[in-house]
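S.K.: Next comes the structure file structure.txt, holding compact mmCIF, C-alpha atoms.
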# COMPACT_ATOMS: atom_id res chain seq x y z
CA MET P 1449 -10.56 -129.89 165.10
CA ARG P 1450 -10.49 -129.27 161.44
CA ARG P 1451 -14.30 -129.20 161.23
CA SER P 1452 -14.49 -126.85 164.16
CA PHE P 1453 -12.05 -124.54 162.43
CA ARG P 1454 -14.12 -124.66 159.25
CA ARG P 1455 -17.27 -123.89 161.16
CA HIS P 1456 -15.61 -120.89 162.74
CA LEU P 1457 -14.49 -119.79 159.35
CA VAL P 1458 -18.04 -120.04 158.02
CA ILE P 1459 -19.34 -118.08 160.97
CA ALA P 1460 -16.64 -115.50 160.42
CA MET P 1461 -17.63 -115.31 156.77
CA ILE P 1462 -21.28 -114.89 157.60
CA GLY P 1463 -20.27 -112.23 160.07
CA GLY P 1464 -18.26 -110.56 157.35
CA LEU P 1465 -21.16 -110.70 154.90
CA THR P 1466 -23.50 -109.29 157.50
CA ALA P 1467 -21.05 -106.48 158.12
CA LEU P 1468 -20.83 -105.91 154.40
CA ALA P 1469 -24.60 -105.90 154.06
CA VAL P 1470 -24.93 -103.44 156.93
CA ALA P 1471 -22.22 -101.30 155.41
CA GLY P 1472 -24.08 -101.53 152.12
CA CYS P 1473 -27.01 -99.73 153.63
CA GLY P 1474 -24.72 -97.19 155.22
CA GLU P 1475 -22.20 -94.75 154.00
CA SER P 1476 -19.28 -96.84 152.89
CA SER P 1477 -21.00 -97.92 149.68
CA ARG P 1478 -21.54 -94.34 148.64
CA PRO P 1479 -19.19 -92.92 146.11
CA ILE P 1480 -18.28 -90.08 148.47
CA ASP P 1481 -15.91 -90.77 151.34
CA VAL P 1482 -14.90 -88.27 153.99
CA SER P 1483 -11.79 -89.10 156.02
CA GLY P 1484 -8.96 -87.73 158.09
CA ALA P 1485 -11.01 -85.00 159.78
CA SER P 1486 -8.83 -83.07 162.20
CA ILE P 1487 -9.00 -79.85 164.17
CA PRO P 1488 -5.85 -78.09 165.31
CA LEU P 1489 -6.25 -76.93 168.90
CA PRO P 1490 -7.88 -73.53 168.35
CA ALA P 1491 -5.95 -70.40 169.27
CA ASN P 1492 -9.15 -68.36 169.29
CA PRO P 1493 -11.61 -70.00 171.71
CA ALA P 1494 -14.63 -68.96 169.60
CA GLU P 1495 -13.66 -70.74 166.43
CA ALA P 1496 -11.87 -73.73 164.97
CA SER P 1497 -10.71 -74.87 161.59
CA VAL P 1498 -11.39 -78.34 160.28
CA TYR P 1499 -9.25 -80.10 157.73
CA LEU P 1500 -10.34 -83.30 155.99
CA THR P 1501 -10.25 -85.20 152.73
CA ILE P 1502 -13.17 -85.90 150.42
CA VAL P 1503 -12.92 -88.65 147.82
CA ASN P 1504 -15.43 -89.05 145.03
CA SER P 1505 -14.98 -92.56 143.67
CA GLY P 1506 -18.21 -92.36 141.67
CA ASP P 1507 -18.89 -91.61 138.02
CA THR P 1508 -20.72 -88.36 138.63
CA ASP P 1509 -19.71 -85.08 140.16
CA ASP P 1510 -21.13 -84.28 143.56
CA ARG P 1511 -21.37 -81.08 145.52
CA LEU P 1512 -20.81 -80.38 149.19
CA LEU P 1513 -23.75 -78.20 150.11
CA SER P 1514 -23.43 -77.68 153.85
CA VAL P 1515 -21.66 -78.77 156.99
CA GLU P 1516 -23.19 -78.91 160.44
CA SER P 1517 -21.88 -79.80 163.84
CA PRO P 1518 -23.47 -79.97 167.29
CA SER P 1519 -20.32 -78.18 168.51
CA ALA P 1520 -20.79 -75.22 166.19
CA VAL P 1521 -23.26 -72.40 165.75
CA ALA P 1522 -22.12 -72.15 162.14
CA VAL P 1523 -19.69 -73.87 159.81
CA HIS P 1524 -18.37 -72.00 156.77
CA LEU P 1525 -16.32 -73.41 153.94
CA HIS P 1526 -13.47 -71.03 153.20
CA GLU P 1527 -10.56 -70.91 150.89
CA THR P 1528 -7.34 -69.15 151.76
CA THR P 1529 -5.42 -67.72 148.88
CA ILE P 1530 -1.96 -66.28 149.20
CA ALA P 1531 -0.83 -63.85 146.54
CA ASP P 1532 2.74 -63.53 145.29
CA ASN P 1533 3.25 -60.54 147.58
CA GLY P 1534 2.26 -62.64 150.60
CA PHE P 1535 -1.20 -61.12 150.97
CA ALA P 1536 -3.42 -63.83 152.47
CA SER P 1537 -7.14 -63.53 151.98
CA MET P 1538 -10.14 -65.73 152.55
CA THR P 1539 -13.18 -66.21 150.45
CA ALA P 1540 -16.35 -68.07 151.31
CA VAL P 1541 -17.00 -71.10 149.13
CA PRO P 1542 -20.80 -71.57 149.12
CA THR P 1543 -20.68 -75.03 147.53
CA LEU P 1544 -17.77 -77.24 146.66
CA THR P 1545 -17.85 -79.53 143.64
CA ILE P 1546 -16.09 -82.85 144.04
CA PRO P 1547 -15.55 -83.99 140.44
CA ALA P 1548 -16.06 -87.68 139.66
CA GLY P 1549 -12.98 -89.69 140.48
CA MET P 1550 -11.30 -86.81 142.28
CA THR P 1551 -9.99 -86.23 145.78
CA ILE P 1552 -10.22 -82.83 147.40
CA ALA P 1553 -8.13 -82.14 150.46
CA LEU P 1554 -9.03 -79.38 152.90
CA LYS P 1555 -5.66 -78.38 154.29
CA PRO P 1556 -3.78 -75.44 155.86
CA GLY P 1557 -3.35 -72.56 153.45
CA GLY P 1558 -6.16 -73.77 151.19
CA LEU P 1559 -9.71 -74.96 151.68
CA HIS P 1560 -10.86 -75.36 155.26
CA LEU P 1561 -14.02 -75.43 157.30
CA MET P 1562 -14.29 -72.59 159.75
CA MET P 1563 -16.43 -73.51 162.72
CA MET P 1564 -17.87 -70.85 164.98
CA THR P 1565 -17.80 -73.01 168.08
CA SER P 1566 -20.58 -72.98 170.65
CA LYS P 1567 -18.01 -73.52 173.41
CA PRO P 1568 -14.21 -73.59 173.44
CA LEU P 1569 -12.71 -76.87 172.25
CA ALA P 1570 -10.04 -78.65 174.25
CA GLU P 1571 -7.28 -81.07 173.37
CA GLY P 1572 -8.70 -84.54 172.72
CA ASP P 1573 -12.29 -83.39 172.13
CA ARG P 1574 -14.15 -85.26 169.44
CA VAL P 1575 -16.32 -83.13 167.22
CA LYS P 1576 -19.13 -84.65 165.20
CA LEU P 1577 -19.63 -83.27 161.72
CA THR P 1578 -22.35 -83.87 159.16
CA LEU P 1579 -21.45 -83.07 155.59
CA THR P 1580 -24.40 -82.88 153.23
CA PHE P 1581 -23.79 -83.60 149.56
CA GLU P 1582 -26.17 -83.01 146.70
CA HIS P 1583 -26.21 -86.68 145.64
CA ALA P 1584 -24.58 -88.66 148.43
CA GLY P 1585 -26.76 -87.03 151.07
CA ALA P 1586 -25.64 -86.61 154.67
CA LEU P 1587 -22.34 -88.17 155.68
CA HIS P 1588 -21.15 -88.25 159.26
CA THR P 1589 -17.60 -88.01 160.47
CA GLU P 1590 -15.73 -87.10 163.62
CA ALA P 1591 -12.73 -84.82 164.04
CA ARG P 1592 -10.35 -84.95 166.96
CA VAL P 1593 -8.89 -81.79 168.45
CA SER P 1594 -5.13 -82.02 168.70
CA SER P 1595 -2.35 -79.59 169.49
CA ALA P 1596 -0.05 -81.70 167.37
CA LEU P 1597 -1.91 -80.68 164.25
CA GLY P 1598 -1.13 -77.64 162.23
CA THR P 1599 2.54 -78.41 162.62
CA PRO P 1600 3.20 -80.36 159.44
CA MET D 1283 0.86 -54.46 142.57
CA THR D 1284 3.89 -52.39 143.44
CA PRO D 1285 7.22 -54.18 143.56
CA ARG D 1286 8.07 -54.75 147.19
CA HIS D 1287 11.72 -55.43 147.01
CA PRO D 1288 14.37 -54.72 144.47
CA VAL D 1289 15.14 -58.40 144.54
CA GLY D 1290 17.26 -60.13 141.99
CA ARG D 1291 16.24 -62.96 139.73
CA ARG D 1292 17.43 -65.50 142.26
CA ALA D 1293 15.21 -64.21 145.02
CA PHE D 1294 12.32 -64.24 142.58
CA LEU D 1295 13.10 -67.83 141.72
CA GLY D 1296 13.20 -68.54 145.44
CA ALA D 1297 9.74 -67.12 145.88
CA GLY D 1298 8.52 -69.35 143.07
CA LEU D 1299 10.07 -72.37 144.70
CA ALA D 1300 8.58 -71.33 148.00
CA ALA D 1301 5.16 -71.16 146.41
CA ALA D 1302 5.67 -74.55 144.82
CA GLY D 1303 6.81 -75.84 148.19
CA LEU D 1304 3.67 -74.54 149.79
CA ALA D 1305 1.57 -76.66 147.49
CA ALA D 1306 3.59 -79.74 148.35
CA VAL D 1307 3.89 -79.07 152.06
CA GLY D 1308 0.20 -78.88 152.75
CA CYS D 1309 -0.52 -82.50 151.99
CA SER D 1310 2.53 -84.33 153.25
CA ASP D 1311 5.66 -84.10 155.30
CA ASP D 1312 7.58 -83.18 152.21
CA SER D 1313 9.70 -80.33 153.41
CA THR D 1314 12.31 -80.18 150.74
CA ALA D 1315 10.73 -77.13 149.22
CA ALA D 1316 11.01 -73.41 149.68
CA ASN D 1317 14.78 -73.26 149.35
CA ASP D 1318 16.08 -69.92 148.34
CA ASP D 1319 19.36 -69.55 146.50
CA ASP D 1320 22.65 -71.04 147.62
CA LEU D 1321 22.45 -69.50 151.09
CA GLY D 1322 20.30 -72.53 151.84
CA PHE D 1323 17.54 -70.83 153.83
CA ALA D 1324 13.89 -71.84 153.55
CA GLY D 1325 12.77 -68.22 153.16
CA THR D 1326 13.19 -65.60 150.47
CA VAL D 1327 16.39 -63.60 150.87
CA LEU D 1328 15.86 -59.89 150.23
CA GLY D 1329 18.08 -57.94 147.89
CA ILE D 1330 18.07 -55.02 150.32
CA PRO D 1331 17.45 -55.80 154.00
CA LEU D 1332 14.64 -54.12 155.94
CA ALA D 1333 15.00 -52.08 159.11
CA LYS D 1334 12.70 -52.65 162.09
CA PRO D 1335 9.48 -50.62 162.10
CA THR D 1336 9.72 -47.36 164.02
CA VAL D 1337 6.11 -47.49 165.21
CA VAL D 1338 5.81 -47.87 168.97
CA PHE D 1339 3.28 -50.63 169.58
CA THR D 1340 1.45 -51.55 172.77
CA ASP D 1341 1.96 -55.03 174.18
CA THR D 1342 -0.74 -57.22 175.68
CA SER D 1343 -0.03 -55.90 179.17
CA GLY D 1344 -0.69 -52.37 177.91
CA LYS D 1345 2.94 -51.24 177.95
CA PRO D 1346 4.63 -49.48 175.03
CA TYR D 1347 6.72 -51.84 172.95
CA ASP D 1348 9.42 -50.45 170.71
CA VAL D 1349 10.52 -53.37 168.55
CA GLY D 1350 13.88 -51.74 167.83
CA VAL D 1351 14.69 -51.39 171.52
CA LYS D 1352 13.13 -54.60 172.82
CA THR D 1353 14.70 -56.92 170.28
CA ALA D 1354 18.02 -55.13 169.79
CA GLY D 1355 20.80 -57.55 169.01
CA HIS D 1356 18.84 -60.74 169.10
CA LEU D 1357 16.94 -62.95 166.73
CA SER D 1358 13.25 -62.17 166.48
CA LEU D 1359 10.45 -63.23 164.19
CA MET D 1360 7.59 -60.88 163.42
CA LEU D 1361 4.26 -61.59 161.79
CA PHE D 1362 1.03 -59.75 161.19
CA GLY D 1363 -2.34 -61.42 161.52
CA TYR D 1364 -5.66 -61.39 163.31
CA THR D 1365 -7.09 -63.41 166.16
CA SER D 1366 -10.18 -64.50 164.19
CA CYS D 1367 -7.96 -65.95 161.46
CA PRO D 1368 -8.87 -69.62 161.26
CA ASP D 1369 -6.15 -70.88 159.01
CA VAL D 1370 -2.90 -69.07 158.31
CA CYS D 1371 -2.19 -67.33 161.65
CA PRO D 1372 -2.84 -70.22 164.06
CA VAL D 1373 -0.91 -72.58 161.78
CA HIS D 1374 2.09 -70.24 161.60
CA LEU D 1375 2.04 -69.89 165.39
CA SER D 1376 1.67 -73.65 165.93
CA ILE D 1377 4.69 -74.31 163.79
CA LEU D 1378 6.80 -71.66 165.54
CA ALA D 1379 5.68 -72.80 169.01
CA SER D 1380 6.49 -76.41 168.23
CA THR D 1381 9.85 -75.47 166.69
CA LEU D 1382 10.97 -73.45 169.71
CA LYS D 1383 9.70 -76.08 172.15
CA HIS D 1384 11.82 -78.75 170.51
CA MET D 1385 14.89 -76.56 170.15
CA THR D 1386 17.92 -76.19 172.40
CA GLY D 1387 20.60 -73.50 172.38
CA PRO D 1388 20.36 -69.75 171.85
CA ALA D 1389 17.88 -70.00 168.96
CA SER D 1390 15.31 -71.49 171.35
CA LYS D 1391 15.14 -67.98 172.87
CA THR D 1392 14.00 -66.43 169.59
CA THR D 1393 11.39 -63.74 170.23
CA VAL D 1394 8.15 -64.26 168.33
CA ILE D 1395 6.11 -61.09 167.82
CA PHE D 1396 2.53 -61.18 166.57
CA VAL D 1397 0.83 -57.93 165.55
CA GLY D 1398 -2.98 -58.04 165.52
CA VAL D 1399 -4.14 -56.03 162.50
CA ASP D 1400 -7.88 -56.35 163.16
CA THR D 1401 -7.96 -53.73 165.90
CA GLU D 1402 -11.72 -54.02 166.49
CA ARG D 1403 -11.46 -57.65 167.58
CA ASP D 1404 -7.74 -57.90 168.31
CA THR D 1405 -7.87 -56.39 171.76
CA PRO D 1406 -4.82 -56.93 173.98
CA LYS D 1407 -6.85 -59.55 175.89
CA ALA D 1408 -7.93 -61.38 172.72
CA ILE D 1409 -4.35 -61.36 171.43
CA ARG D 1410 -3.04 -62.69 174.75
CA THR D 1411 -5.56 -65.57 174.77
CA PHE D 1412 -4.79 -66.34 171.13
CA LEU D 1413 -1.05 -66.48 171.75
CA ASP D 1414 -1.27 -68.29 175.08
CA ASN D 1415 -2.95 -71.15 173.25
CA ARG D 1416 0.30 -71.53 171.33
CA ASP D 1417 3.13 -70.22 173.53
CA ARG D 1418 2.94 -67.96 176.58
CA ASP D 1419 6.24 -66.33 175.67
CA PHE D 1420 5.00 -65.02 172.34
CA VAL D 1421 4.78 -61.23 172.29
CA GLY D 1422 1.45 -59.75 171.17
CA LEU D 1423 1.24 -56.21 169.91
CA THR D 1424 -1.41 -53.75 168.91
CA ALA D 1425 -1.46 -50.14 167.73
CA ALA D 1426 -3.81 -47.65 166.10
CA PRO D 1427 -4.83 -48.93 162.64
CA ALA D 1428 -2.88 -46.15 160.90
CA ASP D 1429 0.26 -47.02 162.86
CA ILE D 1430 -0.04 -50.70 161.96
CA GLU D 1431 -0.34 -49.74 158.30
CA THR D 1432 2.71 -47.50 158.65
CA ALA D 1433 4.68 -50.43 160.03
CA LEU D 1434 3.53 -52.64 157.15
CA LYS D 1435 4.57 -49.95 154.69
CA GLN D 1436 7.98 -49.61 156.31
CA LEU D 1437 8.37 -53.35 155.98
CA GLN D 1438 7.20 -53.23 152.35
CA LEU D 1439 4.38 -55.62 153.15
CA PRO D 1440 0.89 -55.43 151.61
CA PRO D 1441 -1.66 -53.36 153.53
CA THR D 1442 -4.47 -54.89 155.56
CA VAL D 1443 -7.93 -55.28 154.04
CA ILE D 1444 -10.88 -55.57 156.42
CA GLU D 1445 -13.72 -57.20 154.47
CA PRO D 1446 -17.33 -56.07 154.93
CA LYS D 1447 -19.31 -57.69 157.72
CA ARG D 1448 -21.57 -60.63 156.92
CA PRO D 1449 -25.15 -60.79 158.13
CA ASP D 1450 -24.00 -62.74 161.21
CA GLY D 1451 -21.51 -59.99 162.08
CA SER D 1452 -18.42 -62.02 161.23
CA TYR D 1453 -15.87 -60.77 158.76
CA VAL D 1454 -12.58 -61.82 157.32
CA VAL D 1455 -9.38 -59.86 157.05
CA GLY D 1456 -6.78 -59.98 154.32
CA HIS D 1457 -3.27 -59.52 155.64
CA ALA D 1458 0.43 -60.00 154.97
CA SER D 1459 1.24 -63.62 155.72
CA GLN D 1460 5.04 -63.57 155.68
CA ILE D 1461 7.17 -64.01 158.76
CA LEU D 1462 9.99 -61.49 158.98
CA ALA D 1463 13.22 -62.70 160.55
CA PHE D 1464 15.19 -59.92 162.26
CA THR D 1465 18.69 -61.18 162.84
CA PRO D 1466 21.11 -59.96 165.55
CA ASP D 1467 22.30 -57.21 163.16
CA ASN D 1468 18.78 -55.71 163.67
CA LEU D 1469 17.87 -56.15 160.02
CA CYS D 1470 15.48 -58.42 158.20
CA HIS D 1471 17.27 -60.14 155.34
CA ILE D 1472 14.77 -62.87 154.82
CA LEU D 1473 11.02 -63.36 154.59
CA TYR D 1474 9.42 -66.73 155.27
CA PRO D 1475 6.29 -67.57 153.32
CA PHE D 1476 3.39 -69.53 154.71
CA GLY D 1477 4.10 -73.23 154.42
CA VAL D 1478 7.58 -73.37 155.93
CA VAL D 1479 7.57 -76.38 158.26
CA GLU D 1480 9.17 -77.08 161.62
CA GLN D 1481 12.04 -79.04 160.12
CA GLN D 1482 13.00 -76.01 158.04
CA TRP D 1483 12.71 -73.57 160.94
CA SER D 1484 14.81 -75.88 163.13
CA LYS D 1485 17.54 -75.79 160.54
CA ASP D 1486 17.31 -72.05 159.81
CA LEU D 1487 16.95 -70.45 163.26
CA PRO D 1488 20.36 -71.49 164.65
CA ARG D 1489 21.95 -70.37 161.38
CA LEU D 1490 20.14 -67.01 161.54
CA GLU D 1491 21.61 -66.48 165.01
CA THR D 1492 25.13 -66.41 163.67
CA PHE D 1493 24.86 -65.86 159.94
CA ASP D 1494 27.23 -63.28 158.49
CA TRP D 1495 25.14 -61.62 155.78
CA PRO D 1496 27.22 -60.78 152.72
CA ASP D 1497 25.72 -57.32 152.22
CA THR D 1498 26.29 -56.21 155.80
CA ARG D 1499 29.84 -57.50 156.10
CA ARG D 1500 32.20 -54.75 157.04
Please, can you express the file's structure as structure tokens?
M.R.:
Amino acid sequence: MRRSFRRHLVIAMIGGLTALAVAGCGESSRPIDVSGASIPLPANPAEASVYLTIVNSGDTDDRLLSVESPSAVAVHLHETTIADNGFASMTAVPTLTIPAGMTIALKPGGLHLMMMTSKPLAEGDRVKLTLTFEHAGALHTEARVSSALGTP
Amino acid sequence: MTPRHPVGRRAFLGAGLAAAGLAAVGCSDDSTAANDDDLGFAGTVLGIPLAKPTVVFTDTSGKPYDVGVKTAGHLSLMLFGYTSCPDVCPVHLSILASTLKHMTGPASKTTVIFVGVDTERDTPKAIRTFLDNRDRDFVGLTAAPADIETALKQLQLPPTVIEPKRPDGSYVVGHASQILAFTPDNLCHILYPFGVVEQQWSKDLPRLETFDWPDTRR
């Protein structure tokens, strides 16, 4: 009984190591992590905004160069700024630096990805995104479309 | 930048708090921010209230819509935006739609009016689709560009800026992002900045229904 348990444990450990090794070749060992990608159910059927968080746990700055999605004809990084008089404007952000050790959140009223969608998105859709960084290369993530979002 | 409102120091402080709140609200459920002075509202209370715009708009069914007549005596919220706005406008509308959906009582009947300032793309049909994806009861309005700017001026809001087109034909629009609350006295005493969350609206709307504004007390 005891031996059997130990053997299972060893197998589990090997499994864990294998998983670790696989992960090591993949994205999770990279200093850049992209998480929490979400898309509020679009109001305009031709576009969508994507919010997510980028963490740079490395020692060097990295830059987000481009974002692509099979669900989009184009993805632009934008920043909303709201002046003291309430004037809201948007500027294109060609590249975004993620300083070493920093987290950058794309969130309503600030940085966001604006997707020109190839077809209207619906509640529950999962949208694949590829974020290409100068050093970390291409990272893949998925954003879910939800009507519950955008209502903090 | 011309001063919009002869607001007192307190209202100015409120705006500052609102801006600080905005920063906090975006990343968490922290909704303690954006309190104005001791009236306890989440918006910025104006020193001198605003009257409704006199411009006669056109609604999404093509009928004339006189805000003063249509919303006389009841609580209504008005905002300006554009249907290609990816961030501020749909978020504002999501929050208002969710607030009203979860609300009971007279405040759940609050009229929400969206004015599309990007008249090239904000056709009545585009506005209707945009709003229907949030709440079918939301009122969508359009008007000639000059009339929209007149309304903004009457409301002491910043004018619209249509940015030049990009090579792909898309363009962005700068616009006033506040939500004006017209109370049953047909005046706007309070402006809500972007970033006010559902919890704050749920608390404020029923109060706005019945609030006896000090400067309009007779």
S.K.: Near region 1373-1382 of chain D, counting all atoms listed in the file, which residues have an atom at most 7 Å away, once you skip same-chain residues fewer than 2 positions from it, shown as a JSON list (two decimals) with C-alpha atoms, in the frame of the given file?
M.R.:
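Generated file (part29.json):
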[["chain", "number", "residue", "atom", "x", "y", "z"],
["P", 1598, "GLY", "CA", -1.13, -77.64, 162.23],
["P", 1599, "THR", "CA", 2.54, -78.41, 162.62],
["D", 1369, "ASP", "CA", -6.15, -70.88, 159.01],
["D", 1370, "VAL", "CA", -2.90, -69.07, 158.31],
["D", 1371, "CYS", "CA", -2.19, -67.33, 161.65],
["D", 1384, "HIS", "CA", 11.82, -78.75, 170.51],
["D", 1385, "MET", "CA", 14.89, -76.56, 170.15],
["D", 1390, "SER", "CA", 15.31, -71.49, 171.35],
["D", 1416, "ARG", "CA", 0.30, -71.53, 171.33],
["D", 1417, "ASP", "CA", 3.13, -70.22, 173.53],
["D", 1479, "VAL", "CA", 7.57, -76.38, 158.26],
["D", 1480, "GLU", "CA", 9.17, -77.08, 161.62],
["D", 1483, "TRP", "CA", 12.71, -73.57, 160.94],
["D", 1484, "SER", "CA", 14.81, -75.88, 163.13]]
S.K.: I need every residue sitting at most 9 Å from the point (-19.6, -70.2, 150.8) (coordinates as in the file, only C-alpha atoms considered), written as a VMD selection string.
M.R.: chain P and resid 1514 1524 to 1526 1539 to 1544
S.K.: Would you mind listing, for every residue of region 1392-1493 of chain D within 12 Å of region 1554-1570 of chain P, the two atoms forming the shortest contact and the distance between them in Å to one decimal, using all atoms listed in the file, sorted by chain and ascending residue number, as a tab-separated table?
M.R.:
residue	atom	partner	partner_atom	distance
D:Thr1411	CA	P:Pro1568	CA	11.9
D:Asn1415	CA	P:Ala1570	CA	10.4
D:Asp1450	CA	P:Met1564	CA	10.8
D:Gly1451	CA	P:Met1564	CA	11.8
D:Ser1452	CA	P:Met1564	CA	9.6
D:Tyr1453	CA	P:Met1562	CA	12.0
D:Val1454	CA	P:Met1562	CA	11.2
D:Ser1459	CA	P:Gly1557	CA	10.3
D:Pro1475	CA	P:Gly1557	CA	10.9
D:Phe1476	CA	P:Gly1557	CA	7.5
D:Gly1477	CA	P:Gly1557	CA	7.5
D:Val1478	CA	P:Gly1557	CA	11.2
D:Val1479	CA	P:Pro1556	CA	11.6
S.K.: For a test of reading the model, state the distance in Å between CA of Ile1546 (chain P) and CA of Thr1501 (chain P), rounded to one decimal.
M.R.: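 A separation of 10.7 Å between them.
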S.K.: List the neighbours of Ser1517 (chain P) out to 10 Å using all atoms listed in the file; skip same-chain residues closer than 5 positions along the sequence, and give me the result as a PyMOL selection string.
M.R.: chain P and resi 1522-1523+1563-1566+1575-1579+1588-1590
